[in-house]
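Structure file query-v3.pdb (PDB, C-alpha atoms, pLDDT in the B column) is printed below.
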```
ATOM      1  CA  MET A   1     208.362 158.085 114.105  1.00 47.00           C
ATOM      2  CA  LYS A   2     210.279 155.403 112.211  1.00 44.00           C
ATOM      3  CA  LYS A   3     207.973 152.796 113.727  1.00 46.00           C
ATOM      4  CA  ARG A   4     204.929 154.646 112.370  1.00 46.00           C
ATOM      5  CA  ILE A   5     206.464 154.901 108.902  1.00 47.00           C
ATOM      6  CA  VAL A   6     207.227 151.156 108.880  1.00 43.00           C
ATOM      7  CA  MET A   7     203.671 150.329 109.983  1.00 48.00           C
ATOM      8  CA  LEU A   8     202.208 152.656 107.354  1.00 45.00           C
ATOM      9  CA  THR A   9     204.359 151.082 104.652  1.00 50.00           C
ATOM     10  CA  LEU A  10     203.241 147.584 105.690  1.00 48.00           C
ATOM     11  CA  ALA A  11     199.568 148.646 105.647  1.00 51.00           C
ATOM     12  CA  VAL A  12     199.878 150.087 102.138  1.00 47.00           C
ATOM     13  CA  ALA A  13     201.681 146.967 100.892  1.00 52.00           C
ATOM     14  CA  THR A  14     198.972 144.726 102.369  1.00 52.00           C
ATOM     15  CA  ALA A  15     196.210 146.785 100.738  1.00 49.00           C
ATOM     16  CA  LEU A  16     197.933 146.639  97.369  1.00 47.00           C
ATOM     17  CA  SER A  17     198.419 142.883  97.570  1.00 49.00           C
ATOM     18  CA  VAL A  18     194.745 142.335  98.423  1.00 45.00           C
ATOM     19  CA  THR A  19     193.681 144.547  95.519  1.00 47.00           C
ATOM     20  CA  GLY A  20     196.056 142.690  93.225  1.00 47.00           C
ATOM     21  CA  CYS A  21     194.631 139.323  94.237  1.00 46.00           C
ATOM     22  CA  GLY A  22     191.118 140.539  93.582  1.00 47.00           C
ATOM     23  CA  ALA A  23     192.046 141.738  90.114  1.00 42.00           C
ATOM     24  CA  LYS A  24     193.777 138.492  89.321  1.00 42.00           C
ATOM     25  CA  GLU A  25     190.690 136.473  90.296  1.00 43.00           C
ATOM     26  CA  SER A  26     188.364 138.572  88.129  1.00 39.00           C
ATOM     27  CA  ASP A  27     190.722 138.216  85.174  1.00 43.00           C
ATOM     28  CA  THR A  28     190.412 134.427  85.274  1.00 40.00           C
ATOM     29  CA  LEU A  29     186.612 134.288  85.500  1.00 39.00           C
ATOM     30  CA  THR A  30     184.954 132.530  82.582  1.00 39.00           C
ATOM     31  CA  VAL A  31     181.486 133.183  81.182  1.00 37.00           C
ATOM     32  CA  ASP A  32     179.217 130.161  80.893  1.00 44.00           C
ATOM     33  CA  LYS A  33     177.979 129.247  77.422  1.00 46.00           C
ATOM     34  CA  PRO A  34     174.379 130.459  76.968  1.00 48.00           C
ATOM     35  CA  THR A  35     171.877 127.622  77.151  1.00 60.00           C
ATOM     36  CA  ALA A  36     168.341 127.360  75.859  1.00 58.00           C
ATOM     37  CA  SER A  37     165.465 127.480  78.328  1.00 59.00           C
ATOM     38  CA  VAL A  38     161.719 126.988  78.131  1.00 61.00           C
ATOM     39  CA  VAL A  39     161.239 130.745  77.683  1.00 67.00           C
ATOM     40  CA  ASP A  40     163.093 130.459  74.350  1.00 82.00           C
ATOM     41  CA  LEU A  41     160.698 127.767  73.164  1.00 91.00           C
ATOM     42  CA  SER A  42     157.706 128.619  70.982  1.00 93.00           C
ATOM     43  CA  SER A  43     154.272 127.772  72.359  1.00 93.00           C
ATOM     44  CA  ASN A  44     153.082 126.853  68.845  1.00 96.00           C
ATOM     45  CA  TRP A  45     153.849 123.314  67.662  1.00 97.00           C
ATOM     46  CA  LYS A  46     153.893 124.547  64.033  1.00 97.00           C
ATOM     47  CA  ASP A  47     157.212 126.282  64.728  1.00 97.00           C
ATOM     48  CA  MET A  48     158.707 122.759  64.935  1.00 98.00           C
ATOM     49  CA  GLN A  49     160.968 123.579  67.852  1.00 97.00           C
ATOM     50  CA  PHE A  50     162.295 121.442  70.684  1.00 96.00           C
ATOM     51  CA  ILE A  51     164.972 121.699  73.344  1.00 94.00           C
ATOM     52  CA  LEU A  52     167.224 118.669  73.709  1.00 92.00           C
ATOM     53  CA  GLY A  53     169.631 118.804  76.617  1.00 84.00           C
ATOM     54  CA  ASP A  54     170.335 122.543  76.673  1.00 85.00           C
ATOM     55  CA  LYS A  55     170.145 123.267  72.928  1.00 92.00           C
ATOM     56  CA  LEU A  56     167.215 124.615  70.923  1.00 95.00           C
ATOM     57  CA  TYR A  57     166.488 122.976  67.551  1.00 97.00           C
ATOM     58  CA  LYS A  58     164.022 123.883  64.802  1.00 97.00           C
ATOM     59  CA  VAL A  59     163.147 121.255  62.180  1.00 97.00           C
ATOM     60  CA  PRO A  60     164.578 121.244  59.561  1.00 96.00           C
ATOM     61  CA  PHE A  61     168.147 121.903  60.707  1.00 96.00           C
ATOM     62  CA  ASP A  62     171.706 120.962  59.753  1.00 94.00           C
ATOM     63  CA  TYR A  63     172.819 117.531  60.942  1.00 93.00           C
ATOM     64  CA  ILE A  64     176.088 119.108  62.111  1.00 93.00           C
ATOM     65  CA  GLU A  65     174.096 120.750  64.932  1.00 95.00           C
ATOM     66  CA  LEU A  66     173.496 117.295  66.407  1.00 94.00           C
ATOM     67  CA  ALA A  67     177.039 116.130  65.693  1.00 92.00           C
ATOM     68  CA  SER A  68     178.443 119.093  67.638  1.00 92.00           C
ATOM     69  CA  GLU A  69     176.476 117.884  70.684  1.00 92.00           C
ATOM     70  CA  GLY A  70     177.940 114.371  70.589  1.00 91.00           C
ATOM     71  CA  TRP A  71     175.382 112.632  68.360  1.00 93.00           C
ATOM     72  CA  SER A  72     176.596 110.268  65.657  1.00 90.00           C
ATOM     73  CA  TYR A  73     175.474 107.457  63.402  1.00 88.00           C
ATOM     74  CA  GLU A  74     177.350 104.500  62.030  1.00 83.00           C
ATOM     75  CA  ASN A  75     177.472 105.379  58.322  1.00 78.00           C
ATOM     76  CA  ALA A  76     177.750 109.169  58.528  1.00 74.00           C
ATOM     77  CA  SER A  77     180.853 109.138  56.320  1.00 75.00           C
ATOM     78  CA  GLU A  78     179.084 107.352  53.445  1.00 78.00           C
ATOM     79  CA  THR A  79     178.162 109.455  50.421  1.00 78.00           C
ATOM     80  CA  VAL A  80     174.606 110.669  49.921  1.00 82.00           C
ATOM     81  CA  ASN A  81     173.551 111.582  46.387  1.00 82.00           C
ATOM     82  CA  ASP A  82     172.038 114.965  45.626  1.00 78.00           C
ATOM     83  CA  SER A  83     168.316 115.125  46.543  1.00 76.00           C
ATOM     84  CA  ALA A  84     168.512 111.669  48.178  1.00 82.00           C
ATOM     85  CA  LYS A  85     166.664 111.028  51.432  1.00 80.00           C
ATOM     86  CA  GLN A  86     167.366 108.553  54.209  1.00 82.00           C
ATOM     87  CA  LEU A  87     164.179 108.156  56.200  1.00 76.00           C
ATOM     88  CA  SER A  88     165.423 106.470  59.358  1.00 83.00           C
ATOM     89  CA  VAL A  89     168.982 106.883  60.613  1.00 89.00           C
ATOM     90  CA  LYS A  90     169.526 105.628  64.169  1.00 92.00           C
ATOM     91  CA  LEU A  91     171.512 108.058  66.310  1.00 92.00           C
ATOM     92  CA  MET A  92     173.819 107.350  69.235  1.00 91.00           C
ATOM     93  CA  ASN A  93     174.901 109.544  72.128  1.00 89.00           C
ATOM     94  CA  PRO A  94     176.525 108.276  75.364  1.00 86.00           C
ATOM     95  CA  PHE A  95     174.625 110.861  77.414  1.00 83.00           C
ATOM     96  CA  PHE A  96     171.145 109.860  76.256  1.00 82.00           C
ATOM     97  CA  ASN A  97     169.559 106.494  77.012  1.00 77.00           C
ATOM     98  CA  ASN A  98     166.705 106.395  74.529  1.00 84.00           C
ATOM     99  CA  ASN A  99     165.704 105.407  71.000  1.00 90.00           C
ATOM    100  CA  THR A 100     166.509 108.299  68.645  1.00 93.00           C
ATOM    101  CA  SER A 101     166.432 108.463  64.868  1.00 93.00           C
ATOM    102  CA  VAL A 102     166.398 111.140  62.183  1.00 94.00           C
ATOM    103  CA  GLY A 103     165.536 111.483  58.542  1.00 92.00           C
ATOM    104  CA  ILE A 104     168.175 113.288  56.508  1.00 92.00           C
ATOM    105  CA  VAL A 105     168.138 114.810  53.042  1.00 91.00           C
ATOM    106  CA  ASN A 106     170.945 116.044  50.830  1.00 89.00           C
ATOM    107  CA  ASN A 107     169.764 119.282  49.245  1.00 84.00           C
ATOM    108  CA  SER A 108     173.232 120.752  48.786  1.00 81.00           C
ATOM    109  CA  GLY A 109     173.205 120.342  44.999  1.00 83.00           C
ATOM    110  CA  LYS A 110     176.124 117.924  45.061  1.00 86.00           C
ATOM    111  CA  THR A 111     177.081 114.493  46.380  1.00 87.00           C
ATOM    112  CA  THR A 112     178.262 114.718  49.976  1.00 85.00           C
ATOM    113  CA  ASP A 113     178.348 112.690  53.183  1.00 83.00           C
ATOM    114  CA  GLY A 114     175.752 112.506  55.925  1.00 82.00           C
ATOM    115  CA  THR A 115     177.363 115.161  58.091  1.00 83.00           C
ATOM    116  CA  ASN A 116     176.504 117.815  55.484  1.00 87.00           C
ATOM    117  CA  CYS A 117     172.848 116.831  55.167  1.00 90.00           C
ATOM    118  CA  LYS A 118     169.740 118.401  56.637  1.00 92.00           C
ATOM    119  CA  VAL A 119     167.545 116.773  59.262  1.00 95.00           C
ATOM    120  CA  PHE A 120     163.914 116.892  58.100  1.00 95.00           C
ATOM    121  CA  ARG A 121     162.629 114.305  60.612  1.00 96.00           C
ATOM    122  CA  PHE A 122     163.512 113.885  64.286  1.00 97.00           C
ATOM    123  CA  GLU A 123     162.109 111.067  66.408  1.00 96.00           C
ATOM    124  CA  MET A 124     162.808 110.184  70.028  1.00 94.00           C
ATOM    125  CA  ASN A 125     161.141 107.576  72.245  1.00 93.00           C
ATOM    126  CA  VAL A 126     161.773 106.577  75.849  1.00 89.00           C
ATOM    127  CA  LYS A 127     160.814 103.546  77.914  1.00 77.00           C
ATOM    128  CA  ASP A 128     160.253 105.546  81.084  1.00 70.00           C
ATOM    129  CA  THR A 129     159.846 109.204  82.012  1.00 65.00           C
ATOM    130  CA  LEU A 130     162.544 109.509  84.682  1.00 70.00           C
ATOM    131  CA  ALA A 131     164.603 112.017  82.665  1.00 66.00           C
ATOM    132  CA  ILE A 132     161.659 114.419  82.409  1.00 60.00           C
ATOM    133  CA  ASP A 133     163.756 117.447  81.461  1.00 61.00           C
ATOM    134  CA  GLU A 134     165.711 115.641  78.743  1.00 82.00           C
ATOM    135  CA  ILE A 135     163.484 117.123  76.034  1.00 91.00           C
ATOM    136  CA  ARG A 136     161.050 120.030  75.964  1.00 94.00           C
ATOM    137  CA  ILE A 137     158.539 120.789  73.204  1.00 96.00           C
ATOM    138  CA  ALA A 138     156.016 123.557  72.500  1.00 96.00           C
ATOM    139  CA  GLY A 139     153.900 124.557  75.466  1.00 94.00           C
ATOM    140  CA  GLY A 140     156.638 123.435  77.883  1.00 91.00           C
ATOM    141  CA  LEU A 141     155.652 119.784  77.457  1.00 95.00           C
ATOM    142  CA  ARG A 142     158.205 117.117  78.397  1.00 93.00           C
ATOM    143  CA  TRP A 143     158.482 113.404  79.064  1.00 92.00           C
ATOM    144  CA  GLY A 144     155.647 112.412  81.342  1.00 93.00           C
ATOM    145  CA  SER A 145     153.284 115.245  80.379  1.00 95.00           C
ATOM    146  CA  SER A 146     149.761 113.890  80.634  1.00 96.00           C
ATOM    147  CA  LEU A 147     147.241 113.558  77.823  1.00 96.00           C
ATOM    148  CA  THR A 148     145.195 116.320  79.440  1.00 96.00           C
ATOM    149  CA  GLU A 149     148.224 118.642  79.555  1.00 97.00           C
ATOM    150  CA  ILE A 150     149.027 117.937  75.901  1.00 97.00           C
ATOM    151  CA  LEU A 151     145.482 118.589  74.685  1.00 97.00           C
ATOM    152  CA  SER A 152     145.345 121.771  76.761  1.00 97.00           C
ATOM    153  CA  ALA A 153     148.631 123.064  75.278  1.00 96.00           C
ATOM    154  CA  TRP A 154     148.242 121.899  71.669  1.00 97.00           C
ATOM    155  CA  GLY A 155     144.498 121.561  71.182  1.00 97.00           C
ATOM    156  CA  THR A 156     142.641 118.832  69.335  1.00 97.00           C
ATOM    157  CA  PRO A 157     144.923 116.687  67.131  1.00 98.00           C
ATOM    158  CA  SER A 158     144.361 116.150  63.424  1.00 98.00           C
ATOM    159  CA  SER A 159     143.978 112.448  64.140  1.00 98.00           C
ATOM    160  CA  GLN A 160     144.270 110.035  67.026  1.00 96.00           C
ATOM    161  CA  LYS A 161     145.105 106.338  67.025  1.00 96.00           C
ATOM    162  CA  ASP A 162     145.057 103.779  69.826  1.00 96.00           C
ATOM    163  CA  LEU A 163     148.282 101.751  69.730  1.00 94.00           C
ATOM    164  CA  ASP A 164     147.148  99.482  72.564  1.00 94.00           C
ATOM    165  CA  VAL A 165     144.887  99.619  75.616  1.00 94.00           C
ATOM    166  CA  ASN A 166     147.029 102.248  77.379  1.00 94.00           C
ATOM    167  CA  THR A 167     148.894 104.005  74.560  1.00 96.00           C
ATOM    168  CA  VAL A 168     147.649 106.539  72.043  1.00 97.00           C
ATOM    169  CA  LYS A 169     149.337 108.352  69.160  1.00 98.00           C
ATOM    170  CA  LEU A 170     148.297 111.944  68.499  1.00 98.00           C
ATOM    171  CA  ASN A 171     149.016 113.400  65.064  1.00 98.00           C
ATOM    172  CA  TYR A 172     149.197 117.160  64.514  1.00 98.00           C
ATOM    173  CA  TYR A 173     149.380 118.048  60.832  1.00 98.00           C
ATOM    174  CA  ASP A 174     149.475 121.294  58.862  1.00 98.00           C
ATOM    175  CA  PRO A 175     148.685 120.558  55.176  1.00 97.00           C
ATOM    176  CA  GLU A 176     149.697 124.036  54.023  1.00 96.00           C
ATOM    177  CA  LYS A 177     153.216 123.739  55.425  1.00 96.00           C
ATOM    178  CA  ASN A 178     153.315 119.940  54.975  1.00 97.00           C
ATOM    179  CA  ILE A 179     154.625 119.481  58.510  1.00 97.00           C
ATOM    180  CA  SER A 180     153.535 117.142  61.266  1.00 98.00           C
ATOM    181  CA  VAL A 181     154.285 116.131  64.832  1.00 98.00           C
ATOM    182  CA  ASP A 182     153.335 112.763  66.305  1.00 98.00           C
ATOM    183  CA  LEU A 183     153.122 112.372  70.065  1.00 98.00           C
ATOM    184  CA  THR A 184     153.037 108.934  71.705  1.00 97.00           C
ATOM    185  CA  VAL A 185     151.278 109.108  75.043  1.00 97.00           C
ATOM    186  CA  ASP A 186     150.788 106.454  77.691  1.00 95.00           C
ATOM    187  CA  LYS A 187     147.600 107.070  79.637  1.00 91.00           C
ATOM    188  CA  ASN A 188     149.455 106.300  82.887  1.00 92.00           C
ATOM    189  CA  SER A 189     153.054 107.435  82.237  1.00 92.00           C
ATOM    190  CA  GLY A 190     152.332 110.388  79.959  1.00 94.00           C
ATOM    191  CA  LEU A 191     154.383 111.514  76.954  1.00 95.00           C
ATOM    192  CA  LEU A 192     156.825 108.811  75.802  1.00 94.00           C
ATOM    193  CA  GLY A 193     157.615 109.738  72.193  1.00 95.00           C
ATOM    194  CA  VAL A 194     157.872 112.631  69.737  1.00 97.00           C
ATOM    195  CA  ASN A 195     158.296 112.665  65.977  1.00 98.00           C
ATOM    196  CA  PHE A 196     158.800 115.953  64.089  1.00 98.00           C
ATOM    197  CA  GLU A 197     158.639 115.787  60.298  1.00 97.00           C
ATOM    198  CA  ASP A 198     158.911 118.494  57.640  1.00 96.00           C
ATOM    199  CA  ASN A 199     158.093 116.993  54.252  1.00 91.00           C
ATOM    200  CA  SER A 200     158.220 120.347  52.481  1.00 91.00           C
ATOM    201  CA  ILE A 201     162.006 120.171  52.324  1.00 82.00           C
ATOM    202  CA  GLN A 202     163.402 118.685  49.102  1.00 65.00           C
TER     203      GLN A 202
END
```
Output the file's structure as structure tokens, nothing else.
Amino acid sequence: MKKRIVMLTLAVATALSVTGCGAKESDTLTVDKPTASVVDLSSNWKDMQFILGDKLYKVPFDYIELASEGWSYENASETVNDSAKQLSVKLMNPFFNNNTSVGIVNNSGKTTDGTNCKVFRFEMNVKDTLAIDEIRIAGGLRWGSSLTEILSAWGTPSSQKDLDVNTVKLNYYDPEKNISVDLTVDKNSGLLGVNFEDNSIQ
């Protein structure tokens, strides 16, 4: 009888310890930060959206959104007068190997530094299309998307310019909103550059 009681006690203790371990594990679980996906991205270029890394942006947006993702520029601490624009500020990020620049505007009503400005222009160009998922734009387009895929997703551009024998620049422009997107496309390598610009912002 005593032997049975001892065995029963041990069984209960083992069950409780297993349950305790399970509860402890669930208490320490962490929830991953939500990330943007292609389903979050508008199919209309006029919405001026793009996904960079795992974050969704919509031009214009606060420069601090880029800074929080590790982007920086050399003179960000310099003062920018009210209503002043800087058309081409080169950005740096150790996780992105490309040529990236933005246009910023101070519409805060007071003198401030670059980190408090708005981005009204975003431009990114790559030399190759190996990092195809680095950026996504309307219609699910990405680095390497072909000219045919772009025209199918976005339609006929407002204008088209041959940069050289193999490279063409497509310009999509909405005069009512005063917004535009330029796409640089290599006829062999596909999409190599994007430039979003919202000139309605003052």
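Between atom CA of Thr115 of chain A and atom CA of Ala76 of chain A lies a distance of 6.0 Å.
Note that atom CA of Leu163 of chain A and atom CA of Phe120 of chain A are 24.7 Å apart.
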- Query: From the list A:Asn93, A:Ser108, A:Ser152, A:Asn195, which residue is nearest Gly140 of chain A when using all atoms listed in the file?
  - Reply: A:Ser152
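One finds atom CA of Glu149 of chain A at 29.3 Å from atom CA of Lys90 of chain A.
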Around segment 125-129 of chain A, with edges along x, y and z and 8 Å added on all six sides, what centre and edge lengths do you get, in Å to one decimal, as JSON?
```
{"center_x": 160.8, "center_y": 106.4, "center_z": 77.1, "size_x": 17.9, "size_y": 21.7, "size_z": 25.8}
```
- Task: Expand the PyMOL selection byres ((chain A and resi 178) around 12) into the individual residues it matches in the shown file, reporting them as a PyMOL selection string.
- Result: chain A and resi 46+48+120+172-177+179-181+196-202
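Closest approach to Leu151 of chain A among A:Val165, A:Ala84, A:Ile135, A:Val185: A:Val185, based on only C-alpha atoms.
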- Item | Among the residues A:Leu56, A:Asp182, A:Asn116, A:Gly109, the one that comes closest to Ser42 of chain A [using only C-alpha atoms] | A:Leu56
- Item | Nearest to Leu130 of chain A, chosen from A:Thr148, A:Thr112, A:Asn171, A:Leu191, with all atoms listed in the file counted in the distances | A:Leu191
